[in-house]
file model28.cif (mmCIF, C-alpha atoms)
data_model
loop_
_atom_site.group_PDB
_atom_site.id
_atom_site.type_symbol
_atom_site.label_atom_id
_atom_site.label_comp_id
_atom_site.auth_asym_id
_atom_site.auth_seq_id
_atom_site.Cartn_x
_atom_site.Cartn_y
_atom_site.Cartn_z
ATOM 1 C CA MET A 13 3.678 13.058 15.869
ATOM 2 C CA ARG A 14 3.283 14.107 12.227
ATOM 3 C CA ALA A 15 0.103 15.861 11.163
ATOM 4 C CA THR A 16 -0.824 13.170 8.597
ATOM 5 C CA ALA A 17 0.438 9.923 7.127
ATOM 6 C CA ARG A 18 0.315 9.644 3.331
ATOM 7 C CA VAL A 19 -0.858 6.360 1.862
ATOM 8 C CA LEU A 20 -0.709 5.703 -1.874
ATOM 9 C CA VAL A 21 -3.488 3.383 -3.081
ATOM 10 C CA TYR A 22 -3.014 1.808 -6.518
ATOM 11 C CA SER A 23 -5.851 -0.019 -8.272
ATOM 12 C CA ASP A 24 -7.523 0.343 -11.632
ATOM 13 C CA ASP A 25 -10.809 -0.398 -9.827
ATOM 14 C CA ALA A 26 -12.399 2.583 -8.049
ATOM 15 C CA GLY A 27 -14.389 0.148 -5.872
ATOM 16 C CA THR A 28 -11.199 -1.438 -4.557
ATOM 17 C CA ARG A 29 -9.720 1.977 -3.795
ATOM 18 C CA GLU A 30 -12.912 2.827 -1.914
ATOM 19 C CA GLN A 31 -12.716 -0.446 0.085
ATOM 20 C CA VAL A 32 -9.201 0.525 1.170
ATOM 21 C CA ARG A 33 -10.240 4.036 2.240
ATOM 22 C CA LEU A 34 -13.249 2.762 4.165
ATOM 23 C CA ALA A 35 -11.290 -0.054 5.854
ATOM 24 C CA ALA A 36 -8.573 2.330 7.061
ATOM 25 C CA GLY A 37 -10.969 5.058 8.110
ATOM 26 C CA ARG A 38 -9.553 8.401 9.192
ATOM 27 C CA ARG A 39 -6.762 6.616 11.071
ATOM 28 C CA PRO A 40 -6.059 2.869 11.230
ATOM 29 C CA ALA A 41 -5.057 3.005 14.931
ATOM 30 C CA ALA A 42 -5.401 5.494 17.781
ATOM 31 C CA ASP A 43 -1.627 5.944 18.139
ATOM 32 C CA LEU A 44 -1.178 7.016 14.502
ATOM 33 C CA PRO A 45 -1.844 10.339 12.779
ATOM 34 C CA PRO A 46 -4.817 10.704 10.430
ATOM 35 C CA VAL A 47 -4.306 9.164 6.999
ATOM 36 C CA GLU A 48 -4.311 11.120 3.753
ATOM 37 C CA PHE A 49 -4.890 8.942 0.682
ATOM 38 C CA LEU A 50 -3.371 9.470 -2.737
ATOM 39 C CA GLU A 51 -5.270 7.357 -5.246
ATOM 40 C CA CYS A 52 -3.611 6.144 -8.438
ATOM 41 C CA ALA A 53 -5.242 4.150 -11.238
ATOM 42 C CA THR A 54 -2.179 3.736 -13.487
ATOM 43 C CA LEU A 55 1.450 2.703 -13.135
ATOM 44 C CA PRO A 56 2.771 6.060 -14.447
ATOM 45 C CA ALA A 57 0.755 7.863 -11.738
ATOM 46 C CA VAL A 58 2.280 5.571 -9.070
ATOM 47 C CA LEU A 59 5.816 6.211 -10.289
ATOM 48 C CA THR A 60 5.249 9.972 -10.478
ATOM 49 C CA ALA A 61 3.878 10.052 -6.927
ATOM 50 C CA LEU A 62 6.752 7.990 -5.551
ATOM 51 C CA ASP A 63 9.326 10.137 -7.355
ATOM 52 C CA ALA A 64 7.765 13.218 -5.745
ATOM 53 C CA GLY A 65 8.272 11.647 -2.293
ATOM 54 C CA GLY A 66 6.330 11.957 0.922
ATOM 55 C CA ILE A 67 4.561 8.583 0.690
ATOM 56 C CA ASP A 68 4.589 6.568 3.928
ATOM 57 C CA VAL A 69 2.969 3.319 2.735
ATOM 58 C CA CYS A 70 1.866 1.947 -0.632
ATOM 59 C CA VAL A 71 -1.237 -0.232 -0.956
ATOM 60 C CA LEU A 72 -1.095 -2.072 -4.273
ATOM 61 C CA ASP A 73 -3.857 -4.133 -5.871
ATOM 62 C CA GLY A 74 -2.409 -7.433 -7.066
ATOM 63 C CA GLU A 75 -5.414 -7.829 -9.376
ATOM 64 C CA ALA A 76 -4.973 -4.444 -11.130
ATOM 65 C CA VAL A 77 -4.895 -4.411 -14.929
ATOM 66 C CA PRO A 78 -2.751 -4.056 -17.006
ATOM 67 C CA ALA A 79 0.057 -3.597 -14.448
ATOM 68 C CA GLY A 80 -0.623 -5.889 -11.497
ATOM 69 C CA GLY A 81 0.352 -4.794 -8.016
ATOM 70 C CA MET A 82 2.798 -7.664 -7.548
ATOM 71 C CA GLY A 83 4.870 -6.642 -10.552
ATOM 72 C CA VAL A 84 4.579 -2.980 -9.571
ATOM 73 C CA CYS A 85 5.785 -3.841 -6.067
ATOM 74 C CA ARG A 86 8.858 -5.662 -7.360
ATOM 75 C CA GLN A 87 9.600 -2.795 -9.751
ATOM 76 C CA ILE A 88 9.374 -0.034 -7.147
ATOM 77 C CA LYS A 89 11.410 -2.048 -4.612
ATOM 78 C CA ASP A 90 14.166 -2.176 -7.271
ATOM 79 C CA GLU A 91 13.858 1.385 -8.554
ATOM 80 C CA ILE A 92 12.757 3.687 -5.703
ATOM 81 C CA PHE A 93 15.414 4.719 -3.179
ATOM 82 C CA ARG A 94 14.096 4.086 0.345
ATOM 83 C CA CYS A 95 10.896 2.666 -1.083
ATOM 84 C CA PRO A 96 7.983 2.932 1.341
ATOM 85 C CA PRO A 97 6.636 -0.318 2.759
ATOM 86 C CA VAL A 98 4.095 -2.069 0.543
ATOM 87 C CA LEU A 99 0.817 -3.678 1.566
ATOM 88 C CA LEU A 100 -0.316 -5.962 -1.238
ATOM 89 C CA LEU A 101 -3.953 -6.840 -1.915
ATOM 90 C CA MET A 102 -4.182 -10.431 -3.203
ATOM 91 C CA GLY A 103 -7.072 -12.211 -4.859
ATOM 92 C CA ARG A 104 -6.429 -15.539 -3.107
ATOM 93 C CA PRO A 105 -4.562 -16.620 0.051
ATOM 94 C CA GLN A 106 -2.728 -19.178 -2.122
ATOM 95 C CA ASP A 107 -0.950 -16.260 -3.807
ATOM 96 C CA ALA A 108 1.102 -15.539 -0.665
ATOM 97 C CA TRP A 109 4.203 -16.935 -2.359
ATOM 98 C CA LEU A 110 3.804 -14.323 -5.103
ATOM 99 C CA ALA A 111 3.628 -11.602 -2.464
ATOM 100 C CA THR A 112 6.955 -12.900 -1.138
ATOM 101 C CA TRP A 113 8.404 -12.905 -4.661
ATOM 102 C CA SER A 114 7.256 -9.310 -5.161
ATOM 103 C CA ARG A 115 8.983 -8.286 -1.881
ATOM 104 C CA ALA A 116 5.776 -6.907 -0.364
ATOM 105 C CA ASP A 117 6.096 -6.056 3.333
ATOM 106 C CA ALA A 118 2.600 -7.372 4.106
ATOM 107 C CA ALA A 119 -0.329 -8.867 2.232
ATOM 108 C CA VAL A 120 -4.085 -9.220 2.765
ATOM 109 C CA THR A 121 -6.765 -10.815 0.615
ATOM 110 C CA LEU A 122 -9.573 -9.224 -1.345
ATOM 111 C CA PRO A 123 -12.280 -8.332 -0.614
ATOM 112 C CA VAL A 124 -10.722 -6.160 2.067
ATOM 113 C CA ASP A 125 -11.443 -7.263 5.640
ATOM 114 C CA PRO A 126 -11.488 -3.963 7.597
ATOM 115 C CA VAL A 127 -9.921 -5.344 10.793
ATOM 116 C CA GLU A 128 -7.154 -7.305 9.049
ATOM 117 C CA PHE A 129 -6.419 -4.428 6.680
ATOM 118 C CA ALA A 130 -6.319 -1.738 9.394
ATOM 119 C CA ASP A 131 -3.998 -3.897 11.532
ATOM 120 C CA SER A 132 -1.604 -4.511 8.638
ATOM 121 C CA LEU A 133 -1.618 -0.872 7.558
ATOM 122 C CA ALA A 134 -1.085 0.331 11.143
ATOM 123 C CA GLY A 135 1.915 -1.971 11.574
ATOM 124 C CA LEU A 136 3.561 -0.690 8.391
ATOM 125 C CA LEU A 137 2.849 2.934 9.290
ATOM 126 C CA ARG A 138 4.328 2.501 12.782
ATOM 127 C CA THR A 139 7.505 1.038 11.298
ATOM 128 C CA ARG A 140 7.823 3.735 8.644
ATOM 129 C CA LEU A 141 7.015 6.691 10.905
ATOM 130 C CA SER A 142 9.341 5.509 13.684
ATOM 131 C CA SER A 143 12.222 5.000 11.231
ATOM 132 C CA SER A 144 11.689 8.416 9.618
ATOM 133 C CA ALA A 145 11.654 10.075 13.047
ATOM 134 C CA ALA A 146 15.030 8.579 13.951
#
call {"tool": "encode", "arguments": {"input": "model28.cif", "output": "C-alpha cells"}}
result
Amino acid sequence: MRATARVLVYSDDAGTREQVRLAAGRRPAADLPPVEFLECATLPAVLTALDAGGIDVCVLDGEAVPAGGMGVCRQIKDEIFRCPPVLLLMGRPQDAWLATWSRADAAVTLPVDPVEFADSLAGLLRTRLSSSAA
C-alpha cells in the first residue's frame, strides 16, 4: 500500500475546502492509505497541480466562482492525460445531469454529508490506486 493518497480539493470557498477535509478525515476508509490534501482556490492552481502529477482524486466544487467545478471537470477530462477520477460537489441533487455532462466520476451534494462523501471518495481512491498498482 502507498504511504499516502493525494486528493486535490478545488473551491474558491475556504469553508467548503474545510468541509471536504473534515468529512474525509485522515483516511476515508480503513483499507486506504492516509489522505494528503492539496487545496486550490483558482483554476490555474488546479491545472498546475494536475500538470505536476501525483494526484489520485480531484474534488471539485460545482459552485466555485468564477470557474465552476463542472466546467473545470469537463476541461480537465479533455486536457489531462490519464486524468484522475473526479468527485463533484453539487449545490442541488437536480444538477445530477450536469455532473453527467461534465464527465464527473461521482457526485455528492453540498453541504457535504460526511458519510456519503467518505464513501464516494473511498470508492474513487480504491479504483485509482488499484489501477495504478497494476
call {"tool": "atom_distance", "arguments": {"input": "model28.cif", "atom1": "CA of Gly135 in chain A", "atom2": "CA of Ala79 in chain A"}}
result
26.1 Å
call {"tool": "atom_distance", "arguments": {"input": "model28.cif", "atom1": "CA of Ala64 in chain A", "atom2": "CA of Ala134 in chain A"}}
result
23.0 Å
call {"tool": "resolve_selection", "arguments": {"input": "model28.cif", "expression": "the PyMOL selection byres ((chain A and resi 39) around 12)", "output": "VMD selection string"}}
result
chain A and resid 15 to 19 32 to 38 40 to 49 129 to 131 133 to 134 137 to 138
call {"tool": "atom_distance", "arguments": {"input": "model28.cif", "atom1": "CA of Arg140 in chain A", "atom2": "CA of Cys85 in chain A"}}
result
16.7 Å
call {"tool": "closest_residue", "arguments": {"input": "model28.cif", "among": "A:Ala26, A:Ala53, A:Cys70, A:Val98", "to": "Ser114 in chain A", "atoms": "only C-alpha atoms"}}
result
A:Val98
call {"tool": "residues_around", "arguments": {"input": "model28.cif", "residues": "Val58 in chain A", "least_positions_apart": "6", "cutoff": "12 Å", "atoms": "only C-alpha atoms", "output": "list in words"}}
result
Val19, Leu20, Val21, Tyr22, Ser23, Asp24, Leu50, Glu51, Cys52, Ala64, Gly65, Ile67, Cys70, Val71, Leu72, Asp73, Ala79, Gly81, Val84, Cys85, Gln87, Ile88 and Ile92 of chain A
call {"tool": "closest_residue", "arguments": {"input": "model28.cif", "among": "A:Leu136, A:Cys95, A:Ala108, A:Val124", "to": "Gly66 in chain A", "atoms": "all atoms listed in the file"}}
result
A:Cys95
call {"tool": "closest_residue", "arguments": {"input": "model28.cif", "among": "A:Glu75, A:Val69, A:Glu91, A:Thr121", "to": "Pro105 in chain A", "atoms": "all atoms listed in the file"}}
result
A:Thr121
call {"tool": "axis_aligned_box", "arguments": {"input": "model28.cif", "around": "range 45-55 of chain A", "padding_each_side": "5 Å", "output": "lines of an AutoDock Vina configuration file"}}
result
center_x = -1.9
center_y = 6.9
center_z = -0.4
size_x = 16.7
size_y = 18.4
size_z = 36.3
call {"tool": "decode", "arguments": {"input": "model28.cif", "residues": "range 13-137 of chain A", "atoms": "C-alpha atoms", "output": "PDB file, in the first residue's frame"}}
result
ATOM      1  CA  MET A  13       0.000   0.000   0.000  1.00  0.00           C
ATOM      2  CA  ARG A  14       1.195   3.529  -0.802  1.00  0.00           C
ATOM      3  CA  ALA A  15       2.194   5.813   2.045  1.00  0.00           C
ATOM      4  CA  THR A  16      -0.438   8.460   1.181  1.00  0.00           C
ATOM      5  CA  ALA A  17      -3.157   9.220  -1.334  1.00  0.00           C
ATOM      6  CA  ARG A  18      -3.168  12.745  -2.774  1.00  0.00           C
ATOM      7  CA  VAL A  19      -6.517  14.466  -3.143  1.00  0.00           C
ATOM      8  CA  LEU A  20      -6.831  17.819  -4.897  1.00  0.00           C
ATOM      9  CA  VAL A  21      -9.661  19.963  -3.497  1.00  0.00           C
ATOM     10  CA  TYR A  22     -10.806  22.886  -5.655  1.00  0.00           C
ATOM     11  CA  SER A  23     -13.132  25.568  -4.292  1.00  0.00           C
ATOM     12  CA  ASP A  24     -12.935  29.325  -4.028  1.00  0.00           C
ATOM     13  CA  ASP A  25     -14.591  28.948  -0.604  1.00  0.00           C
ATOM     14  CA  ALA A  26     -12.232  28.028   2.253  1.00  0.00           C
ATOM     15  CA  GLY A  27     -15.238  26.750   4.243  1.00  0.00           C
ATOM     16  CA  THR A  28     -16.092  24.236   1.529  1.00  0.00           C
ATOM     17  CA  ARG A  29     -12.488  23.046   1.385  1.00  0.00           C
ATOM     18  CA  GLU A  30     -12.589  22.606   5.159  1.00  0.00           C
ATOM     19  CA  GLN A  31     -15.857  20.603   4.932  1.00  0.00           C
ATOM     20  CA  VAL A  32     -14.143  18.242   2.489  1.00  0.00           C
ATOM     21  CA  ARG A  33     -11.083  17.769   4.719  1.00  0.00           C
ATOM     22  CA  LEU A  34     -13.196  17.158   7.809  1.00  0.00           C
ATOM     23  CA  ALA A  35     -15.569  14.754   6.016  1.00  0.00           C
ATOM     24  CA  ALA A  36     -12.693  12.636   4.687  1.00  0.00           C
ATOM     25  CA  GLY A  37     -10.720  12.698   7.910  1.00  0.00           C
ATOM     26  CA  ARG A  38      -7.225  11.237   7.928  1.00  0.00           C
ATOM     27  CA  ARG A  39      -8.412   8.358   5.735  1.00  0.00           C
ATOM     28  CA  PRO A  40     -11.875   7.830   4.222  1.00  0.00           C
ATOM     29  CA  ALA A  41     -11.780   4.040   4.811  1.00  0.00           C
ATOM     30  CA  ALA A  42      -9.675   1.629   6.859  1.00  0.00           C
ATOM     31  CA  ASP A  43      -8.346  -0.181   3.772  1.00  0.00           C
ATOM     32  CA  LEU A  44      -6.922   3.009   2.230  1.00  0.00           C
ATOM     33  CA  PRO A  45      -3.742   4.947   2.994  1.00  0.00           C
ATOM     34  CA  PRO A  46      -3.936   8.290   4.803  1.00  0.00           C
ATOM     35  CA  VAL A  47      -5.039  11.194   2.623  1.00  0.00           C
ATOM     36  CA  GLU A  48      -2.902  14.229   1.860  1.00  0.00           C
ATOM     37  CA  PHE A  49      -4.916  17.218   0.624  1.00  0.00           C
ATOM     38  CA  LEU A  50      -3.774  19.769  -1.919  1.00  0.00           C
ATOM     39  CA  GLU A  51      -6.089  22.766  -1.751  1.00  0.00           C
ATOM     40  CA  CYS A  52      -6.614  25.005  -4.773  1.00  0.00           C
ATOM     41  CA  ALA A  53      -8.727  28.166  -4.926  1.00  0.00           C
ATOM     42  CA  THR A  54      -8.208  29.005  -8.618  1.00  0.00           C
ATOM     43  CA  LEU A  55      -8.347  27.217 -11.956  1.00  0.00           C
ATOM     44  CA  PRO A  56      -4.679  27.992 -12.784  1.00  0.00           C
ATOM     45  CA  ALA A  57      -3.635  26.354  -9.485  1.00  0.00           C
ATOM     46  CA  VAL A  58      -5.681  23.237 -10.379  1.00  0.00           C
ATOM     47  CA  LEU A  59      -4.107  22.974 -13.821  1.00  0.00           C
ATOM     48  CA  THR A  60      -0.594  23.476 -12.437  1.00  0.00           C
ATOM     49  CA  ALA A  61      -1.122  20.762  -9.819  1.00  0.00           C
ATOM     50  CA  LEU A  62      -2.519  18.304 -12.352  1.00  0.00           C
ATOM     51  CA  ASP A  63       0.322  19.001 -14.787  1.00  0.00           C
ATOM     52  CA  ALA A  64       2.798  18.226 -11.995  1.00  0.00           C
ATOM     53  CA  GLY A  65       1.140  14.813 -11.499  1.00  0.00           C
ATOM     54  CA  GLY A  66       0.721  12.639  -8.449  1.00  0.00           C
ATOM     55  CA  ILE A  67      -2.956  13.460  -7.831  1.00  0.00           C
ATOM     56  CA  ASP A  68      -5.143  10.420  -7.107  1.00  0.00           C
ATOM     57  CA  VAL A  69      -8.589  12.066  -6.964  1.00  0.00           C
ATOM     58  CA  CYS A  70      -9.928  15.556  -7.647  1.00  0.00           C
ATOM     59  CA  VAL A  71     -12.767  17.021  -5.581  1.00  0.00           C
ATOM     60  CA  LEU A  72     -14.260  19.958  -7.466  1.00  0.00           C
ATOM     61  CA  ASP A  73     -16.805  22.461  -6.168  1.00  0.00           C
ATOM     62  CA  GLY A  74     -19.551  22.893  -8.754  1.00  0.00           C
ATOM     63  CA  GLU A  75     -20.491  26.192  -7.094  1.00  0.00           C
ATOM     64  CA  ALA A  76     -16.978  27.721  -7.307  1.00  0.00           C
ATOM     65  CA  VAL A  77     -16.638  31.178  -8.847  1.00  0.00           C
ATOM     66  CA  PRO A  78     -15.613  32.246 -11.464  1.00  0.00           C
ATOM     67  CA  ALA A  79     -14.678  28.799 -12.836  1.00  0.00           C
ATOM     68  CA  GLY A  80     -17.284  26.297 -11.668  1.00  0.00           C
ATOM     69  CA  GLY A  81     -16.252  22.745 -10.897  1.00  0.00           C
ATOM     70  CA  MET A  82     -18.465  21.268 -13.610  1.00  0.00           C
ATOM     71  CA  GLY A  83     -16.743  23.234 -16.354  1.00  0.00           C
ATOM     72  CA  VAL A  84     -13.349  22.549 -14.784  1.00  0.00           C
ATOM     73  CA  CYS A  85     -14.153  18.832 -14.705  1.00  0.00           C
ATOM     74  CA  ARG A  86     -15.064  18.752 -18.393  1.00  0.00           C
ATOM     75  CA  GLN A  87     -11.930  20.733 -19.251  1.00  0.00           C
ATOM     76  CA  ILE A  88      -9.514  18.508 -17.335  1.00  0.00           C
ATOM     77  CA  LYS A  89     -11.157  15.320 -18.662  1.00  0.00           C
ATOM     78  CA  ASP A  90     -10.405  16.666 -22.170  1.00  0.00           C
ATOM     79  CA  GLU A  91      -6.940  18.064 -21.491  1.00  0.00           C
ATOM     80  CA  ILE A  92      -5.200  15.947 -18.822  1.00  0.00           C
ATOM     81  CA  PHE A  93      -3.746  12.607 -19.928  1.00  0.00           C
ATOM     82  CA  ARG A  94      -4.948   9.877 -17.550  1.00  0.00           C
ATOM     83  CA  CYS A  95      -6.993  12.415 -15.634  1.00  0.00           C
ATOM     84  CA  PRO A  96      -7.632  11.350 -12.044  1.00  0.00           C
ATOM     85  CA  PRO A  97     -11.211  10.492 -11.125  1.00  0.00           C
ATOM     86  CA  VAL A  98     -13.356  13.483 -10.185  1.00  0.00           C
ATOM     87  CA  LEU A  99     -15.789  13.796  -7.293  1.00  0.00           C
ATOM     88  CA  LEU A 100     -18.060  16.756  -7.963  1.00  0.00           C
ATOM     89  CA  LEU A 101     -19.746  18.793  -5.231  1.00  0.00           C
ATOM     90  CA  MET A 102     -23.176  19.966  -6.442  1.00  0.00           C
ATOM     91  CA  GLY A 103     -25.476  22.581  -4.982  1.00  0.00           C
ATOM     92  CA  ARG A 104     -28.670  20.625  -5.714  1.00  0.00           C
ATOM     93  CA  PRO A 105     -29.499  16.958  -6.412  1.00  0.00           C
ATOM     94  CA  GLN A 106     -31.359  18.156  -9.532  1.00  0.00           C
ATOM     95  CA  ASP A 107     -27.975  19.079 -11.021  1.00  0.00           C
ATOM     96  CA  ALA A 108     -27.017  15.403 -11.431  1.00  0.00           C
ATOM     97  CA  TRP A 109     -27.480  15.691 -15.190  1.00  0.00           C
ATOM     98  CA  LEU A 110     -24.844  18.441 -15.242  1.00  0.00           C
ATOM     99  CA  ALA A 111     -22.457  16.163 -13.366  1.00  0.00           C
ATOM    100  CA  THR A 112     -23.000  13.593 -16.125  1.00  0.00           C
ATOM    101  CA  TRP A 113     -22.383  16.254 -18.781  1.00  0.00           C
ATOM    102  CA  SER A 114     -19.149  17.267 -17.046  1.00  0.00           C
ATOM    103  CA  ARG A 115     -17.987  13.600 -17.036  1.00  0.00           C
ATOM    104  CA  ALA A 116     -17.553  13.516 -13.256  1.00  0.00           C
ATOM    105  CA  ASP A 117     -16.933  10.019 -11.883  1.00  0.00           C
ATOM    106  CA  ALA A 118     -19.119  10.657  -8.822  1.00  0.00           C
ATOM    107  CA  ALA A 119     -21.136  13.495  -7.338  1.00  0.00           C
ATOM    108  CA  VAL A 120     -22.435  14.483  -3.896  1.00  0.00           C
ATOM    109  CA  THR A 121     -24.468  17.473  -2.767  1.00  0.00           C
ATOM    110  CA  LEU A 122     -23.466  20.428  -0.640  1.00  0.00           C
ATOM    111  CA  PRO A 123     -23.321  20.853   2.269  1.00  0.00           C
ATOM    112  CA  VAL A 124     -21.045  17.836   2.486  1.00  0.00           C
ATOM    113  CA  ASP A 125     -22.559  14.812   4.235  1.00  0.00           C
ATOM    114  CA  PRO A 126     -19.529  13.124   5.876  1.00  0.00           C
ATOM    115  CA  VAL A 127     -20.724   9.532   5.382  1.00  0.00           C
ATOM    116  CA  GLU A 128     -21.811   9.983   1.756  1.00  0.00           C
ATOM    117  CA  PHE A 129     -18.671  11.947   0.914  1.00  0.00           C
ATOM    118  CA  ALA A 130     -16.253   9.490   2.566  1.00  0.00           C
ATOM    119  CA  ASP A 131     -17.936   6.549   0.795  1.00  0.00           C
ATOM    120  CA  SER A 132     -17.724   8.241  -2.607  1.00  0.00           C
ATOM    121  CA  LEU A 133     -14.128   9.339  -2.091  1.00  0.00           C
ATOM    122  CA  ALA A 134     -13.107   5.871  -0.860  1.00  0.00           C
ATOM    123  CA  GLY A 135     -14.632   4.223  -3.934  1.00  0.00           C
ATOM    124  CA  LEU A 136     -12.750   6.529  -6.305  1.00  0.00           C
ATOM    125  CA  LEU A 137      -9.489   6.086  -4.403  1.00  0.00           C
TER     126      LEU A 137
END
